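Asks: One file is attached below, coords_39.pdb, containing PDB, C-alpha atoms and all ligand atoms.
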```pdb
ATOM      1  CA  MET A   1     -27.017  -3.918   5.011
ATOM      2  CA  SER A   2     -24.482  -3.414   2.294
ATOM      3  CA  HIS A   3     -23.952  -5.620  -0.710
ATOM      4  CA  THR A   4     -20.261  -5.681   0.070
ATOM      5  CA  LEU A   5     -18.607  -7.652   2.818
ATOM      6  CA  LEU A   6     -15.802  -5.400   4.058
ATOM      7  CA  VAL A   7     -12.933  -7.067   5.874
ATOM      8  CA  GLN A   8      -9.529  -6.103   7.123
ATOM      9  CA  TRP A   9      -6.651  -8.558   6.801
ATOM     10  CA  THR A  10      -3.690  -7.785   9.001
ATOM     11  CA  ILE A  11      -0.653  -9.565   7.662
ATOM     12  CA  LYS A  12       2.434 -10.454   9.645
ATOM     13  CA  PRO A  13       5.346 -12.344   8.133
ATOM     14  CA  ARG A  14       6.267 -15.454  10.123
ATOM     15  CA  ILE A  15       9.965 -15.791   9.341
ATOM     16  CA  ALA A  16      12.467 -12.940   9.455
ATOM     17  CA  PRO A  17      14.517 -12.364   6.296
ATOM     18  CA  ARG A  18      17.913 -14.065   6.387
ATOM     19  CA  PRO A  19      21.107 -12.507   5.080
ATOM     20  CA  TRP A  20      23.462 -14.919   3.307
ATOM     21  CA  LEU A  21      26.982 -14.164   4.413
ATOM     22  CA  ALA A  22      30.418 -15.688   4.150
ATOM     23  CA  CYS A  23      30.975 -17.622   7.360
ATOM     24  CA  ASN A  24      34.609 -17.871   8.410
ATOM     25  CA  ARG A  25      34.133 -21.070  10.354
ATOM     26  CA  CYS A  26      31.986 -22.873   7.766
ATOM     27  CA  ARG A  27      34.249 -21.513   4.991
ATOM     28  CA  THR A  28      31.228 -20.961   2.789
ATOM     29  CA  VAL A  29      28.235 -18.685   2.362
ATOM     30  CA  ARG A  30      25.469 -19.485   4.808
ATOM     31  CA  PRO A  31      22.107 -18.019   5.852
ATOM     32  CA  PHE A  32      22.273 -16.143   9.165
ATOM     33  CA  GLU A  33      19.301 -15.904  11.506
ATOM     34  CA  PRO A  34      18.450 -13.143  13.983
ATOM     35  CA  SER A  35      19.244 -14.319  17.504
ATOM     36  CA  GLY A  36      16.763 -11.965  19.175
ATOM     37  CA  LYS A  37      19.648 -10.253  20.956
ATOM     38  CA  THR A  38      21.262  -6.865  20.561
ATOM     39  CA  ARG A  39      24.534  -5.352  21.694
ATOM     40  CA  LEU A  40      25.002  -1.798  22.847
ATOM     41  CA  ASN A  41      28.481  -0.321  23.319
ATOM     42  CA  ALA A  42      29.325   3.081  24.735
ATOM     43  CA  ASN A  43      32.461   5.023  23.971
ATOM     44  CA  GLY A  44      32.138   8.238  25.914
ATOM     45  CA  ARG A  45      28.965   9.910  24.647
ATOM     46  CA  ARG A  46      29.002   7.890  21.434
ATOM     47  CA  LEU A  47      27.168   4.613  21.088
ATOM     48  CA  ASP A  48      27.169   1.596  18.807
ATOM     49  CA  ALA A  49      24.254  -0.801  18.556
ATOM     50  CA  TRP A  50      23.968  -4.074  16.694
ATOM     51  CA  LEU A  51      21.428  -6.797  16.127
ATOM     52  CA  ILE A  52      23.119 -10.158  16.500
ATOM     53  CA  TYR A  53      22.634 -12.884  13.899
ATOM     54  CA  ARG A  54      23.829 -16.476  14.060
ATOM     55  CA  CYS A  55      25.108 -18.672  11.264
ATOM     56  CA  SER A  56      22.603 -21.461  10.613
ATOM     57  CA  GLY A  57      25.481 -23.928  10.229
ATOM     58  CA  CYS A  58      27.770 -23.239  13.162
ATOM     59  CA  ASP A  59      26.421 -20.503  15.473
ATOM     60  CA  SER A  60      29.107 -17.974  14.492
ATOM     61  CA  THR A  61      27.713 -14.497  14.942
ATOM     62  CA  TRP A  62      27.337 -11.504  12.692
ATOM     63  CA  ASN A  63      26.595  -8.068  14.092
ATOM     64  CA  ARG A  64      24.238  -6.050  11.974
ATOM     65  CA  PRO A  65      24.764  -2.352  12.712
ATOM     66  CA  ILE A  66      21.708  -0.468  13.895
ATOM     67  CA  PHE A  67      23.835   2.621  14.363
ATOM     68  CA  GLU A  68      27.538   3.228  14.916
ATOM     69  CA  ARG A  69      29.467   5.974  16.693
ATOM     70  CA  ARG A  70      26.315   7.953  17.149
ATOM     71  CA  HIS A  71      26.167  10.704  19.750
ATOM     72  CA  ILE A  72      23.698   9.914  22.503
ATOM     73  CA  ARG A  73      21.738  13.146  21.891
ATOM     74  CA  ASP A  74      21.090  12.029  18.272
ATOM     75  CA  ILE A  75      19.514   8.732  19.286
ATOM     76  CA  ASP A  76      15.760   8.499  19.459
ATOM     77  CA  PRO A  77      14.942   7.978  23.195
ATOM     78  CA  ALA A  78      12.480   5.169  22.421
ATOM     79  CA  THR A  79      15.173   3.312  20.457
ATOM     80  CA  LEU A  80      17.667   3.753  23.273
ATOM     81  CA  HIS A  81      15.135   2.577  25.830
ATOM     82  CA  ALA A  82      14.347  -0.511  23.715
ATOM     83  CA  LEU A  83      18.043  -1.353  23.371
ATOM     84  CA  GLN A  84      18.741  -0.897  27.075
ATOM     85  CA  ASN A  85      15.800  -3.092  28.035
ATOM     86  CA  ASN A  86      16.141  -5.810  25.387
ATOM     87  CA  ASP A  87      12.604  -5.008  24.217
ATOM     88  CA  GLY A  88      11.437  -8.147  22.393
ATOM     89  CA  ALA A  89       8.785  -6.410  20.274
ATOM     90  CA  TRP A  90      11.267  -3.779  19.112
ATOM     91  CA  ILE A  91      13.922  -6.407  18.336
ATOM     92  CA  GLU A  92      11.380  -8.368  16.306
ATOM     93  CA  LYS A  93      10.481  -5.253  14.333
ATOM     94  CA  VAL A  94      14.139  -4.617  13.483
ATOM     95  CA  SER A  95      14.602  -8.296  12.557
ATOM     96  CA  PHE A  96      11.821  -7.988   9.979
ATOM     97  CA  ASP A  97      13.006  -4.623   8.657
ATOM     98  CA  LEU A  98      13.992  -5.676   5.167
ATOM     99  CA  ASP A  99      15.066  -2.214   4.011
ATOM    100  CA  GLY A 100      17.320  -1.817   7.044
ATOM    101  CA  LEU A 101      18.876  -5.242   6.444
ATOM    102  CA  ARG A 102      19.501  -4.394   2.789
ATOM    103  CA  GLN A 103      21.866  -1.635   3.861
ATOM    104  CA  ASN A 104      24.197  -4.203   5.389
ATOM    105  CA  ALA A 105      23.726  -7.395   3.424
ATOM    106  CA  GLY A 106      23.779  -8.039  -0.302
ATOM    107  CA  ARG A 107      22.018 -11.351  -0.613
ATOM    108  CA  ILE A 108      18.852 -11.729   1.419
ATOM    109  CA  GLU A 109      16.491 -14.665   1.596
ATOM    110  CA  GLU A 110      12.867 -13.623   2.013
ATOM    111  CA  PHE A 111       9.956 -15.780   3.084
ATOM    112  CA  ALA A 112       6.366 -15.642   1.948
ATOM    113  CA  GLU A 113       4.845 -17.388   4.991
ATOM    114  CA  VAL A 114       2.493 -15.057   6.783
ATOM    115  CA  HIS A 115      -0.053 -14.988   9.557
ATOM    116  CA  VAL A 116      -3.332 -13.354   8.530
ATOM    117  CA  GLU A 117      -5.657 -11.910  11.138
ATOM    118  CA  LYS A 118      -9.128 -11.176   9.759
ATOM    119  CA  THR A 119     -11.562  -8.617  11.100
ATOM    120  CA  ILE A 120     -14.990  -7.805   9.739
ATOM    121  CA  LEU A 121     -15.472  -4.073   9.211
ATOM    122  CA  ASN A 122     -18.886  -4.372   7.615
ATOM    123  CA  PRO A 123     -20.712  -7.721   7.759
ATOM    124  CA  ALA A 124     -22.123  -9.585   4.796
ATOM    125  CA  ALA A 125     -25.804  -9.624   4.103
ATOM    126  CA  ALA A 126     -27.511 -12.695   2.666
ATOM    127  CA  SER A 127     -27.429 -10.812  -0.610
ATOM    128  CA  SER A 128     -23.739  -9.859  -0.494
ATOM    129  CA  LEU A 129     -22.224 -10.131  -3.919
ATOM    130  CA  ARG A 130     -18.811  -8.647  -3.320
ATOM    131  CA  VAL A 131     -15.989  -8.814  -0.880
ATOM    132  CA  GLU A 132     -13.686  -5.886  -0.275
ATOM    133  CA  ILE A 133     -10.430  -6.625   1.512
ATOM    134  CA  VAL A 134      -8.310  -3.938   3.139
ATOM    135  CA  LEU A 135      -4.750  -5.068   3.767
ATOM    136  CA  GLY A 136      -2.706  -3.981   6.748
ATOM    137  CA  LEU A 137       0.968  -4.908   6.800
ATOM    138  CA  ALA A 138       2.889  -4.761  10.024
ATOM    139  CA  MET A 139       6.100  -5.414   8.064
ATOM    140  CA  LYS A 140       7.086  -5.846   4.452
ATOM    141  CA  THR A 141       6.765  -9.273   2.912
ATOM    142  CA  SER A 142       7.528 -10.712  -0.509
ATOM    143  CA  LEU A 143       4.171 -12.517  -0.586
ATOM    144  CA  ARG A 144       2.344 -11.867  -3.840
ATOM    145  CA  THR A 145      -1.246 -10.669  -3.794
ATOM    146  CA  GLU A 146      -2.635 -13.530  -5.895
ATOM    147  CA  ARG A 147      -0.980 -16.093  -3.630
ATOM    148  CA  LEU A 148      -2.514 -14.441  -0.563
ATOM    149  CA  LEU A 149      -5.985 -14.489  -2.163
ATOM    150  CA  SER A 150      -5.524 -18.062  -3.289
ATOM    151  CA  MET A 151      -4.470 -19.258   0.174
ATOM    152  CA  GLU A 152      -7.001 -17.324   2.198
ATOM    153  CA  LEU A 153     -10.065 -17.536  -0.051
ATOM    154  CA  GLY A 154      -9.432 -21.092  -1.242
ATOM    155  CA  LEU A 155      -9.459 -20.077  -4.907
ATOM    156  CA  SER A 156      -7.134 -21.556  -7.500
ATOM    157  CA  ARG A 157      -4.809 -19.154  -9.264
ATOM    158  CA  LYS A 158      -6.559 -20.058 -12.505
ATOM    159  CA  ARG A 159      -9.871 -18.983 -11.063
ATOM    160  CA  ILE A 160      -8.426 -15.729  -9.774
ATOM    161  CA  ALA A 161      -6.984 -15.083 -13.228
ATOM    162  CA  MET A 162     -10.399 -15.773 -14.816
ATOM    163  CA  LEU A 163     -12.135 -13.373 -12.414
ATOM    164  CA  GLU A 164      -9.469 -10.791 -13.137
ATOM    165  CA  GLU A 165      -9.829 -11.214 -16.882
ATOM    166  CA  ALA A 166     -13.572 -10.773 -16.567
ATOM    167  CA  GLY A 167     -12.918  -7.416 -14.882
ATOM    168  CA  ARG A 168     -14.271  -8.617 -11.545
ATOM    169  CA  VAL A 169     -11.192  -7.955  -9.451
ATOM    170  CA  ALA A 170     -10.343  -4.356  -8.667
ATOM    171  CA  THR A 171      -7.412  -3.101  -6.642
ATOM    172  CA  THR A 172      -6.588   0.239  -5.091
ATOM    173  CA  PRO A 173      -4.103   1.581  -5.917
ATOM    174  CA  LEU A 174      -4.784   0.570  -9.483
ATOM    175  CA  GLY A 175      -2.007  -0.953 -11.450
ATOM    176  CA  ARG A 176      -1.155  -3.440 -14.113
ATOM    177  CA  ASN A 177      -0.221  -6.798 -12.730
ATOM    178  CA  THR A 178      -0.955  -5.719  -9.162
ATOM    179  CA  LEU A 179      -2.034  -9.255  -8.303
ATOM    180  CA  ARG A 180       1.368 -10.579  -9.302
ATOM    181  CA  ARG A 181       3.244  -8.080  -7.156
ATOM    182  CA  SER A 182       3.896  -8.250  -3.442
ATOM    183  CA  VAL A 183       1.170  -7.148  -1.068
ATOM    184  CA  LYS A 184       1.274  -3.551   0.114
ATOM    185  CA  ASP A 185       0.042  -1.819   3.227
ATOM    186  CA  GLN A 186      -3.360  -0.119   2.799
ATOM    187  CA  MET A 187      -4.033  -1.939  -0.447
ATOM    188  CA  ARG A 188      -7.714  -2.649  -1.195
ATOM    189  CA  ILE A 189      -8.965  -5.549  -3.253
ATOM    190  CA  THR A 190     -12.565  -5.920  -4.341
ATOM    191  CA  ILE A 191     -13.839  -9.139  -5.853
ATOM    192  CA  ASP A 192     -17.233  -9.348  -7.514
ATOM    193  CA  LEU A 193     -18.671 -12.785  -6.771
ATOM    194  CA  ALA A 194     -22.107 -12.346  -8.358
ATOM    195  CA  GLY A 195     -23.187 -15.574 -10.008
ATOM    196  CA  GLU A 196     -20.476 -17.696  -8.370
ATOM    197  CA  ALA A 197     -22.103 -20.842  -7.015
ATOM    198  CA  ASP A 198     -19.770 -21.033  -4.004
ATOM    199  CA  ARG A 199     -20.063 -17.324  -3.243
ATOM    200  CA  ASN A 200     -21.127 -17.820   0.367
ATOM    201  CA  ALA A 201     -18.257 -20.190   1.094
ATOM    202  CA  ILE A 202     -15.775 -17.684  -0.323
ATOM    203  CA  LEU A 203     -17.351 -14.851   1.684
ATOM    204  CA  SER A 204     -17.145 -16.872   4.880
ATOM    205  CA  ARG A 205     -13.449 -17.625   4.306
ATOM    206  CA  ALA A 206     -12.797 -13.896   3.895
ATOM    207  CA  GLY A 207     -13.794 -13.301   7.509
ATOM    208  CA  PRO A 208     -12.477 -14.693  10.803
TER     209      PRO A 208
HETATM  210 ZN    ZN B 301      28.982 -21.002   9.982
END
```
Transcribe the structure of this file into structure tokens.
Ligand SMILES: [Zn+2]
Replies:
Amino acid sequence: MSHTLLVQWTIKPRIAPRPWLACNRCRTVRPFEPSGKTRLNANGRRLDAWLIYRCSGCDSTWNRPIFERRHIRDIDPATLHALQNNDGAWIEKVSFDLDGLRQNAGRIEEFAEVHVEKTILNPAAASSLRVEIVLGLAMKTSLRTERLLSMELGLSRKRIAMLEEAGRVATTPLGRNTLRRSVKDQMRITIDLAGEADRNAILSRAGP
């Protein structure tokens, strides 16, 4: 048995980022939400594809380009198949693709709400003094690392800061202020809980 409880946290954002766009009907700037629908247009051998968003105020639509005027031979077959079959999982992935959305919208509202699925990779022993958390991100999120730890481990931000100051929180990759930045895929966080009276409660919250 190891002295470190090793867990994987798979993080999925709950709410897709919303572009704020000028709505003609509302005559103001409004957040638009993905409708879960796409549009595919063919013009000879060239195709256009869009993800359709709806104004949160009036249901007007905005078409976010996925590609435009692209020759059919240059389109990834899996993408084409997903578009032709209205593949819900694929559409969801595109809806959460923040970098893709940034190419077409200036102002974007991001959400920090996430769903965290916890898996134990190496169980705790009675003598476990540390927890090591491996993060897996299905999609980018603006959630900050300290907020994630605070929510999921039930620790106040003050306490996390104290542990950090005492040199008992380590992250990989290393970096200044990592805890105050957004969570990253493959990031590892180790917290030394030796001497903490509620160590076992914290360790149990780290797992499922
Ligand atoms: Zn509107």
Asks: Compute the set of protein, DNA and RNA residues whose minimum atom distance to ligand ZN 301 (chain B) is at most 9 Å, using all atoms listed in the file, and state it as a ChimeraX atom specification.
Replies: /A:22-32,54-61
Asks: For this file, the PyMOL selection byres (((chain A and resi 145-150) around 9) and not hetatm) selects which residues, as a list of chain:residue names?
Replies: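 Evaluating the PyMOL selection byres (((chain A and resi 145-150) around 9) and not hetatm) on these coordinates yields A:Val114, A:Leu143, A:Arg144, A:Met151, A:Glu152, A:Leu153, A:Gly154, A:Leu155, A:Ser156, A:Arg157, A:Arg159, A:Ile160, A:Ala161, A:Thr178, A:Leu179, A:Arg180, A:Arg181, A:Ser182, A:Val183, A:Lys184.
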Asks: So that I have them on file, write out the residues from the current selection with C-alpha atoms, as a short mmCIF file (atom, residue, chain, number, x, y, z; two decimals), in the frame of the given file.
Replies:
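So part-v3.cif came out as:
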```cif
data_model
loop_
_atom_site.label_atom_id
_atom_site.label_comp_id
_atom_site.auth_asym_id
_atom_site.auth_seq_id
_atom_site.Cartn_x
_atom_site.Cartn_y
_atom_site.Cartn_z
CA VAL A 114 2.49 -15.06 6.78
CA LEU A 143 4.17 -12.52 -0.59
CA ARG A 144 2.34 -11.87 -3.84
CA MET A 151 -4.47 -19.26 0.17
CA GLU A 152 -7.00 -17.32 2.20
CA LEU A 153 -10.06 -17.54 -0.05
CA GLY A 154 -9.43 -21.09 -1.24
CA LEU A 155 -9.46 -20.08 -4.91
CA SER A 156 -7.13 -21.56 -7.50
CA ARG A 157 -4.81 -19.15 -9.26
CA ARG A 159 -9.87 -18.98 -11.06
CA ILE A 160 -8.43 -15.73 -9.77
CA ALA A 161 -6.98 -15.08 -13.23
CA THR A 178 -0.96 -5.72 -9.16
CA LEU A 179 -2.03 -9.26 -8.30
CA ARG A 180 1.37 -10.58 -9.30
CA ARG A 181 3.24 -8.08 -7.16
CA SER A 182 3.90 -8.25 -3.44
CA VAL A 183 1.17 -7.15 -1.07
CA LYS A 184 1.27 -3.55 0.11
#
```
Asks: Which residues fall under the PyMOL selection byres (((chain A and resi 188) around 9) and not hetatm) in this file, as a PyMOL selection string?
Replies: chain A and resi 132-135+170-173+185-187+189-190
Asks: Which residues come within 10 Å of Phe96 of chain A, counting all atoms listed in the file, excluding same-chain residues fewer than 6 positions away, as a compact mmCIF listing (two decimals) with C-alpha atoms, keeping the file's coordinate frame?
Replies:
```txt
# COMPACT_ATOMS: atom_id res chain seq x y z
CA LYS A 12 2.43 -10.45 9.64
CA PRO A 13 5.35 -12.34 8.13
CA ARG A 14 6.27 -15.45 10.12
CA ILE A 15 9.96 -15.79 9.34
CA ALA A 16 12.47 -12.94 9.46
CA PRO A 17 14.52 -12.36 6.30
CA ARG A 18 17.91 -14.06 6.39
CA PRO A 34 18.45 -13.14 13.98
CA GLU A 110 12.87 -13.62 2.01
CA ALA A 138 2.89 -4.76 10.02
CA MET A 139 6.10 -5.41 8.06
CA LYS A 140 7.09 -5.85 4.45
CA THR A 141 6.76 -9.27 2.91
```
Asks: Would you work out the distance separating atom CA of Pro19 of chain A from atom CA of Arg46 of chain A, expressed in Å to one decimal?
Replies: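 Calculated distance between atom CA of Pro19 of chain A and atom CA of Arg46 of chain A is 27.3 Å.
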Asks: Rounded to one decimal place, report the atom CA of Ala112 of chain A-atom CA of Trp62 of chain A distance in Å.
Replies: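 It comes out at 23.9 Å.
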Asks: What does the structure give for the distance between atom CA of Pro208 of chain A and atom CA of Leu129 of chain A, in Å to one decimal?
Replies: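 Atom CA of Pro208 of chain A sits 18.2 Å away from atom CA of Leu129 of chain A.
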Asks: Name the residues captured by the PyMOL selection byres (((chain A and resi 203) around 10) and not hetatm) when it is applied to the shown file; answer as a list in words.
Replies: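 Against this file, the PyMOL selection byres (((chain A and resi 203) around 10) and not hetatm) returns the residues Thr4, Leu5, Leu6, Val7, Pro123, Ala124, Ser128, Leu129, Arg130, Val131, Glu132, Leu153, Leu193, Asp198, Arg199, Asn200, Ala201, Ile202, Ser204, Arg205, Ala206 and Gly207 of chain A.
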Asks: Build an axis-aligned box that encloses every atom of segment 59-70 of chain A listed in the file, pad it by 8 Å on each side, and report its centre and edge lengths in Å to one decimal, as JSON.
Replies:
```
{"center_x": 25.6, "center_y": -6.3, "center_z": 14.6, "size_x": 23.8, "size_y": 44.5, "size_z": 21.2}
```
Asks: Can you pull out the residues contacting segment 74-83 of chain A? Cut-off 12 Å, using only C-alpha atoms, and skip same-chain residues under 2 positions away; I want them as a PyMOL selection string.
Replies: chain A and resi 36-42+45-51+66-72+85-94
Asks: Keeping only C-alpha atoms, take the residues you just selected and write them out as a PDB file, in the frame of the given file.
Replies:
```
ATOM      1  CA  GLY A  36      16.763 -11.965  19.175  1.00  0.00           C
ATOM      2  CA  LYS A  37      19.648 -10.253  20.956  1.00  0.00           C
ATOM      3  CA  THR A  38      21.262  -6.865  20.561  1.00  0.00           C
ATOM      4  CA  ARG A  39      24.534  -5.352  21.694  1.00  0.00           C
ATOM      5  CA  LEU A  40      25.002  -1.798  22.847  1.00  0.00           C
ATOM      6  CA  ASN A  41      28.481  -0.321  23.319  1.00  0.00           C
ATOM      7  CA  ALA A  42      29.325   3.081  24.735  1.00  0.00           C
ATOM      8  CA  ARG A  45      28.965   9.910  24.647  1.00  0.00           C
ATOM      9  CA  ARG A  46      29.002   7.890  21.434  1.00  0.00           C
ATOM     10  CA  LEU A  47      27.168   4.613  21.088  1.00  0.00           C
ATOM     11  CA  ASP A  48      27.169   1.596  18.807  1.00  0.00           C
ATOM     12  CA  ALA A  49      24.254  -0.801  18.556  1.00  0.00           C
ATOM     13  CA  TRP A  50      23.968  -4.074  16.694  1.00  0.00           C
ATOM     14  CA  LEU A  51      21.428  -6.797  16.127  1.00  0.00           C
ATOM     15  CA  ILE A  66      21.708  -0.468  13.895  1.00  0.00           C
ATOM     16  CA  PHE A  67      23.835   2.621  14.363  1.00  0.00           C
ATOM     17  CA  GLU A  68      27.538   3.228  14.916  1.00  0.00           C
ATOM     18  CA  ARG A  69      29.467   5.974  16.693  1.00  0.00           C
ATOM     19  CA  ARG A  70      26.315   7.953  17.149  1.00  0.00           C
ATOM     20  CA  HIS A  71      26.167  10.704  19.750  1.00  0.00           C
ATOM     21  CA  ILE A  72      23.698   9.914  22.503  1.00  0.00           C
ATOM     22  CA  ASN A  85      15.800  -3.092  28.035  1.00  0.00           C
ATOM     23  CA  ASN A  86      16.141  -5.810  25.387  1.00  0.00           C
ATOM     24  CA  ASP A  87      12.604  -5.008  24.217  1.00  0.00           C
ATOM     25  CA  GLY A  88      11.437  -8.147  22.393  1.00  0.00           C
ATOM     26  CA  ALA A  89       8.785  -6.410  20.274  1.00  0.00           C
ATOM     27  CA  TRP A  90      11.267  -3.779  19.112  1.00  0.00           C
ATOM     28  CA  ILE A  91      13.922  -6.407  18.336  1.00  0.00           C
ATOM     29  CA  GLU A  92      11.380  -8.368  16.306  1.00  0.00           C
ATOM     30  CA  LYS A  93      10.481  -5.253  14.333  1.00  0.00           C
ATOM     31  CA  VAL A  94      14.139  -4.617  13.483  1.00  0.00           C
TER      32      VAL A  94
END
```
Asks: Step by step: locate segment 108-121 of chain A in the block above, keep N, CA and C atoms, then write the file as a CSV table (one decimal), in the first residue's frame.
Replies:
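Saved to out_5.csv:
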```csv
chain,number,residue,atom,x,y,z
A,108,ILE,N,-17.1,36.5,-25.4
A,108,ILE,CA,-17.6,35.2,-25.1
A,108,ILE,C,-17.8,35.0,-23.6
A,109,GLU,N,-18.9,34.5,-23.2
A,109,GLU,CA,-19.2,34.3,-21.8
A,109,GLU,C,-18.9,32.9,-21.5
A,110,GLU,N,-18.0,32.7,-20.5
A,110,GLU,CA,-17.6,31.3,-20.1
A,110,GLU,C,-18.2,31.0,-18.7
A,111,PHE,N,-18.3,29.7,-18.5
A,111,PHE,CA,-18.9,29.2,-17.2
A,111,PHE,C,-18.0,28.3,-16.5
A,112,ALA,N,-18.0,28.4,-15.2
A,112,ALA,CA,-17.1,27.6,-14.4
A,112,ALA,C,-17.7,26.4,-13.9
A,113,GLU,N,-19.0,26.2,-14.1
A,113,GLU,CA,-19.7,25.0,-13.6
A,113,GLU,C,-19.2,23.7,-14.3
A,114,VAL,N,-18.8,22.8,-13.5
A,114,VAL,CA,-18.3,21.5,-14.1
A,114,VAL,C,-18.9,20.3,-13.4
A,115,HIS,N,-18.8,19.2,-14.1
A,115,HIS,CA,-19.2,17.9,-13.5
A,115,HIS,C,-17.8,17.2,-13.4
A,116,VAL,N,-17.6,16.6,-12.1
A,116,VAL,CA,-16.3,16.0,-11.9
A,116,VAL,C,-16.6,14.5,-11.6
A,117,GLU,N,-16.0,13.7,-12.4
A,117,GLU,CA,-16.1,12.2,-12.2
A,117,GLU,C,-14.8,11.7,-11.6
A,118,LYS,N,-14.9,11.1,-10.5
A,118,LYS,CA,-13.7,10.7,-9.7
A,118,LYS,C,-13.4,9.2,-9.8
A,119,THR,N,-12.2,8.8,-10.1
A,119,THR,CA,-11.8,7.4,-10.2
A,119,THR,C,-10.6,7.2,-9.3
A,120,ILE,N,-10.6,6.1,-8.6
A,120,ILE,CA,-9.4,5.8,-7.8
A,120,ILE,C,-8.4,5.0,-8.6
A,121,LEU,N,-7.2,5.5,-8.7
A,121,LEU,CA,-6.1,4.8,-9.5
A,121,LEU,C,-5.3,4.0,-8.6
```
